[in-house]
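J.: File target-v3.pdb follows (PDB, C-alpha atoms):
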```pdb
ATOM      1  CA  MET A  18     -28.116 -25.498  53.085
ATOM      2  CA  THR A  19     -24.711 -24.524  51.679
ATOM      3  CA  ASP A  20     -22.263 -27.327  50.850
ATOM      4  CA  THR A  21     -18.971 -26.788  52.731
ATOM      5  CA  THR A  22     -16.984 -29.716  51.297
ATOM      6  CA  PRO A  23     -13.547 -28.988  49.734
ATOM      7  CA  LEU A  24     -14.958 -29.546  46.233
ATOM      8  CA  ALA A  25     -17.760 -27.102  46.926
ATOM      9  CA  ARG A  26     -15.237 -24.532  48.107
ATOM     10  CA  VAL A  27     -13.313 -24.944  44.860
ATOM     11  CA  TYR A  28     -16.514 -24.400  42.860
ATOM     12  CA  SER A  29     -17.291 -21.350  44.991
ATOM     13  CA  SER A  30     -13.870 -19.870  44.326
ATOM     14  CA  LEU A  31     -14.174 -20.500  40.582
ATOM     15  CA  SER A  32     -17.623 -18.884  40.468
ATOM     16  CA  ARG A  33     -16.194 -15.733  42.022
ATOM     17  CA  GLN A  34     -12.922 -15.677  40.082
ATOM     18  CA  GLY A  35     -14.052 -17.373  36.859
ATOM     19  CA  VAL A  36     -13.579 -14.288  34.695
ATOM     20  CA  LEU A  37     -10.057 -13.764  36.021
ATOM     21  CA  VAL A  38      -9.186 -17.411  35.390
ATOM     22  CA  ALA A  39     -10.574 -17.146  31.842
ATOM     23  CA  LEU A  40      -8.563 -13.962  31.232
ATOM     24  CA  VAL A  41      -5.322 -15.566  32.446
ATOM     25  CA  LEU A  42      -5.919 -18.672  30.310
ATOM     26  CA  LEU A  43      -6.640 -16.528  27.254
ATOM     27  CA  ILE A  44      -3.453 -14.515  27.757
ATOM     28  CA  LEU A  45      -1.485 -17.754  28.200
ATOM     29  CA  PHE A  46      -2.977 -19.138  24.985
ATOM     30  CA  GLY A  47      -2.057 -15.993  23.064
ATOM     31  CA  TRP A  48       1.470 -15.968  24.481
ATOM     32  CA  LEU A  49       2.087 -19.577  23.461
ATOM     33  CA  ARG A  50       0.519 -19.288  19.999
ATOM     34  CA  TYR A  51       1.483 -15.865  18.640
ATOM     35  CA  ASP A  52       4.785 -14.056  18.299
ATOM     36  CA  HIS A  53       4.950 -10.681  20.059
ATOM     37  CA  PHE A  54       1.565 -11.205  21.689
ATOM     38  CA  LEU A  55       2.922  -9.951  24.996
ATOM     39  CA  GLY A  56       5.196  -7.435  23.326
ATOM     40  CA  ALA A  57       5.004  -3.856  24.533
ATOM     41  CA  PHE A  58       3.363  -2.596  21.342
ATOM     42  CA  ASN A  59       0.476  -5.063  21.426
ATOM     43  CA  VAL A  60      -0.121  -4.812  25.174
ATOM     44  CA  LEU A  61      -0.147  -1.013  25.165
ATOM     45  CA  SER A  62      -2.346  -0.920  22.050
ATOM     46  CA  VAL A  63      -4.908  -3.206  23.688
ATOM     47  CA  LEU A  64      -4.937  -1.096  26.837
ATOM     48  CA  ARG A  65      -5.218   2.163  24.883
ATOM     49  CA  TYR A  66      -8.108   1.044  22.692
ATOM     50  CA  ASN A  67     -10.089  -0.878  25.295
ATOM     51  CA  SER A  68      -9.940   1.913  27.866
ATOM     52  CA  MET A  69     -13.082   3.371  26.268
ATOM     53  CA  PHE A  70     -15.034   0.166  26.755
ATOM     54  CA  ALA A  71     -13.680  -0.300  30.262
ATOM     55  CA  LEU A  72     -14.989   3.138  31.232
ATOM     56  CA  ILE A  73     -18.524   2.545  29.990
ATOM     57  CA  ALA A  74     -18.490  -0.896  31.632
ATOM     58  CA  LEU A  75     -17.622   0.704  34.974
ATOM     59  CA  GLY A  76     -20.604   3.039  34.806
ATOM     60  CA  MET A  77     -22.848   0.200  33.655
ATOM     61  CA  CYS A  78     -21.693  -1.908  36.605
ATOM     62  CA  PHE A  79     -23.001   0.632  39.121
ATOM     63  CA  VAL A  80     -26.295   1.018  37.251
ATOM     64  CA  ILE A  81     -26.868  -2.728  37.062
ATOM     65  CA  MET A  82     -25.991  -3.167  40.724
ATOM     66  CA  THR A  83     -29.007  -0.981  41.529
ATOM     67  CA  GLY A  84     -31.177  -3.232  39.375
ATOM     68  CA  GLY A  85     -31.286  -0.785  36.452
ATOM     69  CA  ILE A  86     -29.897  -0.674  32.919
ATOM     70  CA  ASP A  87     -28.442   2.071  30.731
ATOM     71  CA  LEU A  88     -28.889   1.603  26.987
ATOM     72  CA  SER A  89     -27.759   5.136  26.156
ATOM     73  CA  VAL A  90     -24.018   4.844  26.839
ATOM     74  CA  GLY A  91     -22.992   4.160  23.245
ATOM     75  CA  SER A  92     -24.932   7.080  21.795
ATOM     76  CA  THR A  93     -23.801   9.282  24.671
ATOM     77  CA  ALA A  94     -20.161   8.479  23.939
ATOM     78  CA  ALA A  95     -20.663   9.275  20.251
ATOM     79  CA  MET A  96     -22.378  12.584  21.024
ATOM     80  CA  SER A  97     -19.703  13.501  23.558
ATOM     81  CA  SER A  98     -16.978  12.782  21.008
ATOM     82  CA  VAL A  99     -18.553  15.399  18.749
ATOM     83  CA  VAL A 100     -18.801  17.953  21.566
ATOM     84  CA  ALA A 101     -15.174  17.307  22.540
ATOM     85  CA  ALA A 102     -14.028  17.666  18.922
ATOM     86  CA  LEU A 103     -15.888  20.966  18.559
ATOM     87  CA  LEU A 104     -14.220  22.277  21.721
ATOM     88  CA  SER A 105     -10.766  20.888  20.948
ATOM     89  CA  PRO A 106      -9.495  24.123  19.291
ATOM     90  CA  TYR A 107      -9.766  25.759  22.736
ATOM     91  CA  GLY A 108      -7.464  23.201  24.329
ATOM     92  CA  ALA A 109      -7.411  19.804  25.984
ATOM     93  CA  THR A 110      -9.141  20.906  29.182
ATOM     94  CA  PRO A 111     -12.227  22.473  27.516
ATOM     95  CA  GLY A 112     -12.510  19.458  25.226
ATOM     96  CA  LEU A 113     -12.263  17.052  28.151
ATOM     97  CA  LEU A 114     -14.654  18.914  30.435
ATOM     98  CA  GLY A 115     -17.101  19.642  27.628
ATOM     99  CA  GLY A 116     -17.307  15.994  26.563
ATOM    100  CA  VAL A 117     -17.759  14.734  30.115
ATOM    101  CA  ALA A 118     -20.355  17.441  30.850
ATOM    102  CA  ALA A 119     -22.313  16.555  27.708
ATOM    103  CA  GLY A 120     -22.450  12.970  28.894
ATOM    104  CA  ALA A 121     -23.435  13.981  32.412
ATOM    105  CA  VAL A 122     -26.399  15.950  31.040
ATOM    106  CA  VAL A 123     -27.759  12.751  29.521
ATOM    107  CA  GLY A 124     -27.291  11.072  32.887
ATOM    108  CA  VAL A 125     -29.195  13.832  34.658
ATOM    109  CA  VAL A 126     -32.104  13.349  32.269
ATOM    110  CA  ASN A 127     -31.993   9.576  32.712
ATOM    111  CA  GLY A 128     -31.851   9.894  36.481
ATOM    112  CA  LEU A 129     -34.747  12.335  36.685
ATOM    113  CA  VAL A 130     -36.944  10.324  34.335
ATOM    114  CA  VAL A 131     -36.300   7.117  36.278
ATOM    115  CA  THR A 132     -36.609   8.558  39.796
ATOM    116  CA  ARG A 133     -39.122  11.390  39.406
ATOM    117  CA  LEU A 134     -41.376  10.080  36.662
ATOM    118  CA  GLY A 135     -41.085   6.423  37.613
ATOM    119  CA  ILE A 136     -40.319   5.294  34.063
ATOM    120  CA  LEU A 137     -38.629   1.903  33.714
ATOM    121  CA  PRO A 138     -34.869   2.296  33.106
ATOM    122  CA  PHE A 139     -35.062   0.243  29.912
ATOM    123  CA  ILE A 140     -37.587   2.636  28.372
ATOM    124  CA  ALA A 141     -36.033   5.810  29.788
ATOM    125  CA  THR A 142     -32.529   5.042  28.542
ATOM    126  CA  LEU A 143     -33.814   3.741  25.215
ATOM    127  CA  ALA A 144     -35.415   7.149  24.656
ATOM    128  CA  SER A 145     -32.240   8.983  25.678
ATOM    129  CA  MET A 146     -30.206   6.690  23.416
ATOM    130  CA  LEU A 147     -32.221   7.886  20.435
ATOM    131  CA  ALA A 148     -32.099  11.505  21.596
ATOM    132  CA  ALA A 149     -28.326  11.457  22.167
ATOM    133  CA  SER A 150     -27.736   9.838  18.793
ATOM    134  CA  GLY A 151     -29.826  12.468  17.035
ATOM    135  CA  THR A 152     -28.158  15.298  18.946
ATOM    136  CA  GLY A 153     -24.718  14.066  17.975
ATOM    137  CA  LEU A 154     -25.683  13.882  14.310
ATOM    138  CA  LEU A 155     -27.193  17.375  14.432
ATOM    139  CA  LEU A 156     -24.120  18.891  16.091
ATOM    140  CA  ALA A 157     -21.837  17.197  13.570
ATOM    141  CA  ASP A 158     -24.062  17.912  10.579
ATOM    142  CA  ASN A 159     -24.125  14.147   9.932
ATOM    143  CA  GLN A 160     -20.368  13.862   9.376
ATOM    144  CA  SER A 161     -17.165  13.338  11.310
ATOM    145  CA  VAL A 162     -15.794  16.431  13.066
ATOM    146  CA  SER A 163     -12.020  16.775  12.901
ATOM    147  CA  VAL A 164     -10.236  17.677  16.104
ATOM    148  CA  SER A 165      -7.649  20.416  16.380
ATOM    149  CA  TYR A 166      -4.037  19.243  16.231
ATOM    150  CA  GLU A 167      -2.788  22.673  17.283
ATOM    151  CA  THR A 168      -3.667  22.025  20.918
ATOM    152  CA  ALA A 169      -2.806  19.162  23.258
ATOM    153  CA  PHE A 170      -6.259  17.629  22.912
ATOM    154  CA  THR A 171      -5.095  14.577  20.954
ATOM    155  CA  ASP A 172      -2.734  13.681  23.814
ATOM    156  CA  LEU A 173      -5.825  12.545  25.728
ATOM    157  CA  GLY A 174      -6.147   9.648  23.313
ATOM    158  CA  GLN A 175      -2.765   9.249  21.668
ATOM    159  CA  GLY A 176      -0.348  10.436  24.348
ATOM    160  CA  ASP A 177       1.668   8.535  26.942
ATOM    161  CA  PHE A 178       2.692   9.282  30.509
ATOM    162  CA  LEU A 179       5.621   7.355  31.944
ATOM    163  CA  THR A 180       5.450   5.068  28.866
ATOM    164  CA  LEU A 181       1.815   4.151  29.654
ATOM    165  CA  PRO A 182      -1.140   5.221  27.464
ATOM    166  CA  ILE A 183      -2.994   8.178  28.948
ATOM    167  CA  PRO A 184      -6.433   6.613  28.225
ATOM    168  CA  ALA A 185      -5.423   3.493  30.148
ATOM    169  CA  LEU A 186      -4.236   5.619  33.071
ATOM    170  CA  MET A 187      -7.542   7.501  33.124
ATOM    171  CA  ALA A 188      -9.435   4.198  33.133
ATOM    172  CA  ALA A 189      -7.205   2.880  35.926
ATOM    173  CA  VAL A 190      -7.905   5.945  38.071
ATOM    174  CA  ALA A 191     -11.633   5.637  37.374
ATOM    175  CA  TYR A 192     -11.628   1.998  38.461
ATOM    176  CA  LEU A 193      -9.641   2.784  41.592
ATOM    177  CA  VAL A 194     -12.143   5.471  42.554
ATOM    178  CA  GLY A 195     -15.039   3.152  41.650
ATOM    179  CA  SER A 196     -13.638   0.383  43.832
ATOM    180  CA  LEU A 197     -13.180   2.750  46.763
ATOM    181  CA  LEU A 198     -16.732   4.059  46.339
ATOM    182  CA  LEU A 199     -18.237   0.590  46.223
ATOM    183  CA  ASN A 200     -16.280  -1.008  49.030
ATOM    184  CA  PHE A 201     -15.562   1.772  51.508
ATOM    185  CA  THR A 202     -18.348   4.356  51.334
ATOM    186  CA  ALA A 203     -21.985   4.649  52.312
ATOM    187  CA  PHE A 204     -22.789   5.315  48.663
ATOM    188  CA  GLY A 205     -21.472   1.883  47.671
ATOM    189  CA  ARG A 206     -23.480   0.183  50.405
ATOM    190  CA  ASN A 207     -26.560   2.074  49.271
ATOM    191  CA  VAL A 208     -26.046   0.944  45.677
ATOM    192  CA  LEU A 209     -25.992  -2.713  46.721
ATOM    193  CA  ALA A 210     -28.898  -2.255  49.127
ATOM    194  CA  VAL A 211     -31.080  -0.637  46.456
ATOM    195  CA  GLY A 212     -30.310  -3.460  44.036
ATOM    196  CA  GLY A 213     -30.943  -6.062  46.698
ATOM    197  CA  GLY A 214     -34.419  -4.734  47.417
ATOM    198  CA  GLU A 215     -35.634  -1.223  46.718
ATOM    199  CA  ASP A 216     -38.647  -1.420  49.015
ATOM    200  CA  ALA A 217     -36.545  -2.742  51.884
ATOM    201  CA  ALA A 218     -33.991   0.014  51.279
ATOM    202  CA  ARG A 219     -36.732   2.646  51.520
ATOM    203  CA  LEU A 220     -38.005   1.143  54.775
ATOM    204  CA  MET A 221     -34.461   1.355  56.129
ATOM    205  CA  GLY A 222     -34.455   5.068  55.357
ATOM    206  CA  LEU A 223     -31.805   4.878  52.639
ATOM    207  CA  PRO A 224     -31.717   7.588  49.928
ATOM    208  CA  VAL A 225     -32.966   5.327  47.148
ATOM    209  CA  ASP A 226     -33.847   7.986  44.570
ATOM    210  CA  ARG A 227     -30.653   9.938  45.139
ATOM    211  CA  THR A 228     -28.575   6.788  44.781
ATOM    212  CA  LYS A 229     -30.277   5.798  41.542
ATOM    213  CA  PHE A 230     -29.960   9.333  40.189
ATOM    214  CA  LEU A 231     -26.232   9.422  40.926
ATOM    215  CA  VAL A 232     -25.460   6.095  39.265
ATOM    216  CA  TYR A 233     -27.091   7.232  36.020
ATOM    217  CA  VAL A 234     -25.133  10.492  36.095
ATOM    218  CA  MET A 235     -21.961   8.494  36.778
ATOM    219  CA  SER A 236     -22.667   6.091  33.925
ATOM    220  CA  SER A 237     -23.268   8.847  31.388
ATOM    221  CA  ALA A 238     -20.320  10.953  32.581
ATOM    222  CA  LEU A 239     -18.007   7.962  32.116
ATOM    223  CA  ALA A 240     -19.539   7.412  28.675
ATOM    224  CA  GLY A 241     -18.772  11.065  27.984
ATOM    225  CA  LEU A 242     -15.155  10.494  29.007
ATOM    226  CA  ALA A 243     -15.036   7.497  26.672
ATOM    227  CA  GLY A 244     -16.295   9.794  23.908
ATOM    228  CA  VAL A 245     -13.504  12.277  24.616
ATOM    229  CA  ILE A 246     -10.951   9.481  24.290
ATOM    230  CA  LEU A 247     -12.645   8.324  21.078
ATOM    231  CA  ALA A 248     -12.303  11.766  19.492
ATOM    232  CA  ALA A 249      -8.737  12.267  20.709
ATOM    233  CA  GLN A 250      -7.586   8.782  19.742
ATOM    234  CA  PHE A 251      -8.961   8.753  16.205
ATOM    235  CA  GLY A 252      -8.674  12.464  15.472
ATOM    236  CA  ALA A 253     -12.376  13.120  14.959
ATOM    237  CA  GLY A 254     -15.696  13.267  16.721
ATOM    238  CA  GLN A 255     -17.733  10.416  15.297
ATOM    239  CA  PRO A 256     -21.524  10.755  15.687
ATOM    240  CA  ALA A 257     -22.200   7.377  14.062
ATOM    241  CA  GLU A 258     -19.871   5.500  16.413
ATOM    242  CA  GLY A 259     -20.957   3.810  19.633
ATOM    243  CA  ILE A 260     -23.342   1.270  18.080
ATOM    244  CA  GLY A 261     -23.338  -1.815  20.264
ATOM    245  CA  TRP A 262     -21.164  -0.284  22.971
ATOM    246  CA  GLU A 263     -23.948  -0.696  25.497
ATOM    247  CA  LEU A 264     -24.014  -4.429  24.729
ATOM    248  CA  PHE A 265     -20.253  -4.659  25.238
ATOM    249  CA  ALA A 266     -20.628  -2.888  28.582
ATOM    250  CA  ILE A 267     -23.465  -5.133  29.717
ATOM    251  CA  ALA A 268     -21.508  -8.203  28.609
ATOM    252  CA  SER A 269     -18.432  -7.077  30.552
ATOM    253  CA  VAL A 270     -20.509  -6.580  33.676
ATOM    254  CA  VAL A 271     -22.323  -9.916  33.363
ATOM    255  CA  VAL A 272     -19.140 -11.856  32.599
ATOM    256  CA  GLY A 273     -17.655 -10.218  35.696
ATOM    257  CA  GLY A 274     -20.348 -11.846  37.816
ATOM    258  CA  THR A 275     -22.623  -8.882  38.492
ATOM    259  CA  LEU A 276     -26.246  -9.998  38.656
ATOM    260  CA  LEU A 277     -28.631  -8.304  36.222
ATOM    261  CA  THR A 278     -31.202  -8.327  39.020
ATOM    262  CA  GLY A 279     -28.936  -6.105  41.115
ATOM    263  CA  GLY A 280     -27.573  -6.301  44.618
ATOM    264  CA  VAL A 281     -24.324  -8.100  43.763
ATOM    265  CA  GLY A 282     -21.351  -6.816  41.799
ATOM    266  CA  SER A 283     -17.623  -6.228  41.607
ATOM    267  CA  VAL A 284     -15.689  -3.364  40.063
ATOM    268  CA  GLY A 285     -12.523  -5.433  39.676
ATOM    269  CA  ALA A 286     -14.343  -8.328  38.017
ATOM    270  CA  THR A 287     -16.005  -5.879  35.611
ATOM    271  CA  LEU A 288     -12.568  -4.644  34.554
ATOM    272  CA  ALA A 289     -11.468  -8.244  34.024
ATOM    273  CA  GLY A 290     -14.608  -8.833  31.954
ATOM    274  CA  ALA A 291     -13.900  -5.827  29.741
ATOM    275  CA  LEU A 292     -10.293  -6.934  29.225
ATOM    276  CA  LEU A 293     -11.429 -10.473  28.482
ATOM    277  CA  LEU A 294     -13.767  -9.373  25.701
ATOM    278  CA  GLY A 295     -11.155  -6.989  24.331
ATOM    279  CA  MET A 296      -8.557  -9.748  24.366
ATOM    280  CA  ILE A 297     -10.834 -12.025  22.335
ATOM    281  CA  PHE A 298     -10.929  -9.414  19.565
ATOM    282  CA  ASN A 299      -7.143  -9.043  19.756
ATOM    283  CA  ILE A 300      -6.591 -12.799  19.458
ATOM    284  CA  LEU A 301      -8.917 -12.993  16.462
ATOM    285  CA  ASN A 302      -6.826 -10.313  14.764
ATOM    286  CA  PHE A 303      -3.654 -12.311  15.443
ATOM    287  CA  GLU A 304      -5.358 -15.431  14.080
ATOM    288  CA  ASN A 305      -6.185 -13.604  10.866
ATOM    289  CA  GLY A 306      -2.560 -12.517  10.654
ATOM    290  CA  LEU A 307      -1.319 -16.110  10.699
ATOM    291  CA  GLY A 308      -3.136 -16.738   7.437
ATOM    292  CA  TRP A 309      -4.550 -20.103   8.469
ATOM    293  CA  ILE A 310      -8.061 -18.722   8.525
ATOM    294  CA  SER A 311      -9.683 -15.473   7.484
ATOM    295  CA  LEU A 312     -12.359 -14.195   9.814
ATOM    296  CA  SER A 313     -14.347 -11.178   8.727
ATOM    297  CA  ALA A 314     -15.646  -8.683  11.285
ATOM    298  CA  TYR A 315     -19.014 -10.442  11.064
ATOM    299  CA  TRP A 316     -17.584 -13.826  12.021
ATOM    300  CA  GLN A 317     -15.560 -12.190  14.769
ATOM    301  CA  SER A 318     -18.792 -10.874  16.266
ATOM    302  CA  VAL A 319     -20.322 -14.348  16.093
ATOM    303  CA  ILE A 320     -17.321 -15.892  17.856
ATOM    304  CA  ARG A 321     -17.207 -13.227  20.532
ATOM    305  CA  GLY A 322     -20.919 -13.690  21.172
ATOM    306  CA  GLY A 323     -20.534 -17.467  21.382
ATOM    307  CA  PHE A 324     -17.594 -17.151  23.763
ATOM    308  CA  LEU A 325     -19.572 -14.754  25.938
ATOM    309  CA  LEU A 326     -22.482 -17.198  26.077
ATOM    310  CA  LEU A 327     -20.123 -20.033  27.031
ATOM    311  CA  VAL A 328     -18.553 -18.030  29.873
ATOM    312  CA  VAL A 329     -21.958 -16.995  31.229
ATOM    313  CA  ILE A 330     -23.265 -20.589  31.097
ATOM    314  CA  LEU A 331     -20.191 -21.905  32.899
ATOM    315  CA  GLN A 332     -20.440 -19.182  35.507
ATOM    316  CA  SER A 333     -24.139 -19.935  36.018
ATOM    317  CA  ARG A 334     -23.415 -23.656  36.484
ATOM    318  CA  LEU A 335     -20.631 -22.941  38.961
ATOM    319  CA  THR A 336     -22.876 -20.607  40.938
ATOM    320  CA  ALA A 337     -25.675 -23.165  40.972
ATOM    321  CA  ARG A 338     -23.318 -25.844  42.312
ATOM    322  CA  THR A 339     -22.496 -23.668  45.318
ATOM    323  CA  ALA A 340     -26.078 -22.526  46.067
TER     324      ALA A 340
END
```
Would you write the structure of this file as structure tokens?
T.:
Amino acid sequence: MTDTTPLARVYSSLSRQGVLVALVLLILFGWLRYDHFLGAFNVLSVLRYNSMFALIALGMCFVIMTGGIDLSVGSTAAMSSVVAALLSPYGATPGLLGGVAAGAVVGVVNGLVVTRLGILPFIATLASMLAASGTGLLLADNQSVSVSYETAFTDLGQGDFLTLPIPALMAAVAYLVGSLLLNFTAFGRNVLAVGGGEDAARLMGLPVDRTKFLVYVMSSALAGLAGVILAAQFGAGQPAEGIGWELFAIASVVVGGTLLTGGVGSVGATLAGALLLGMIFNILNFENGLGWISLSAYWQSVIRGGFLLLVVILQSRLTARTA
């Protein structure tokens, strides 16, 4: 029986909005401790860089809501960055479409292997992770591939529109579309139904296989878009990049309250989770700049992992109190 006391309602609200509360508190801490933390340069830099991770987190959110997992997003982004860089001399549009299409191909393979062959998503996407990584290295001849600066391709990563970073605007549009799909379409209801119980969804006559296929294509296409931004932002396709990106995406989704078992999830909370993890890295950089401590990239990873564990534990406790 659910507790309906005022205290229980407070716990319930915190369990749903915990990631947003944590993000606001972290921003407040940074604002009070560091000069120029909320300055335009830092805010826009954070949004520009973390747009890549926000995009792969969005795709991962839909996959996890169906009860699946996609371990190939990091390698897919790296491979797509190489494809985009190779196509960049032909212009921004070919580079953009080519990178996204390269990612989508990986998603098609993942979707077919999972739905047609019945292979567990963990195994299927692990195999495609290795394949995408190898393909990227082969296409790049095991080195970075410089993009063309004679076309507008680099604007996709370095440009601004109405003073806002273009990568951040692309991520914002993707999240708006994702939210509309999840909350106002039959596809979104199918995603949650499949994650809530695949057998029950089949008995209800829902297109289970088609839904699962589409979420894997979506996840890989968004990873491909992240790869395009990677190439455009740093001026090169980087086949060795993307290591650990899938873990960042999964962490963003979990911190946002989406259950790894599927059936429950939020696009907005996933965005907050991605920003939260990105903000932790930003604050650690500011802390290094103060000179009080010196945290190497290795220690930064340890701290980010510990913070993630703390947030997940707190969220789990809050959820348990309202069950």
J.: Using only C-alpha atoms, which of the listed residues (A:Phe54, A:Tyr66, A:Phe230, A:Tyr166) sits closest to Leu104 in chain A?
T.: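 So, comparing all the options, the nearest one is A:Tyr166.
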J.: Taking into account all atoms listed in the file, which residue in the set A:Phe201, A:Phe251, A:Phe298, A:Phe46 is nearest to Gly174 in chain A?
T.: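 Distance minimum relative to Gly174 in chain A lands on A:Phe251.
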J.: Decode the PyMOL selection byres ((chain A and resi 279) around 6) for the given file into explicit residues and return them as a list of chain:residue names.
T.: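 On this input, the PyMOL selection byres ((chain A and resi 279) around 6) captures A:Ile81, A:Met82, A:Thr83, A:Gly84, A:Gly212, A:Gly213, A:Leu276, A:Leu277, A:Thr278, A:Gly280, A:Val281.
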J.: The centre and edge lengths of an axis-aligned box containing all atoms of range 71-88 of chain A present in the file, extended by 4 Å on each side, are to be given in Å to one decimal, as AutoDock Vina command-line options.
T.:
```
--center_x -22.5 --center_y 0.0 --center_z 34.3 --size_x 25.6 --size_y 14.4 --size_z 22.5
```
J.: So what does the PyMOL selection byres ((chain A and resi 216-229) around 8) actually pick up in this one, as a list of chain:residue names?
T.: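 Applying the expression gives A:Val80, A:Thr83, A:Gly128, A:Thr132, A:Phe204, A:Asn207, A:Val208, A:Ala210, A:Val211, A:Gly214, A:Glu215, A:Phe230, A:Leu231, A:Val232, A:Tyr233.
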J.: Any chance you could work out the residue set of the PyMOL selection byres ((chain A and resi 111-126) around 9) here, as a VMD selection string?
T.: chain A and resid 89 to 90 93 to 94 96 to 110 127 to 131 141 145 to 146 149 170 173 230 to 246
J.: List the spatial neighbours of range 57-64 of chain A as a PyMOL selection string - criterion: any atom at most 10 Å away, only C-alpha atoms, same-chain residues fewer than 5 positions off excluded.
T.: chain A and resi 69+71+177+180-186+188+292+295-296+298-299
J.: Which one is closest to Leu147 in chain A: A:Thr168, A:Asn302, A:Ser92, A:Ser68? Count all atoms listed in the file.
T.: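 Ranking A:Thr168, A:Asn302, A:Ser92, A:Ser68 by distance to Leu147 in chain A, first place goes to A:Ser92.
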J.: For the atom pair CA of Leu247 in chain A and CA of Thr171 in chain A, what is the interatomic distance in Å to one decimal place?
T.: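 Computing it gives 9.8 Å between the two atoms.
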J.: So that I can check the surroundings of Phe265 in chain A, please list as a list in words every protein, DNA and RNA residue that reaches within 10 Å of it, counting all atoms listed in the file and ignoring chain neighbours fewer than 3 positions away.
T.: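 Surrounding residues, per the criterion: Phe70, Ala71, Ile73, Ala74, Gly91, Ile260, Gly261, Trp262, Ala268, Ser269, Val270, Val271, Gly290, Ala291, Leu294, Gly295 and Gly322 of chain A.
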J.: How far is it from CA of Ala257 in chain A to CA of Ser163 in chain A, in Å with one decimal?
T.: 13.9 Å
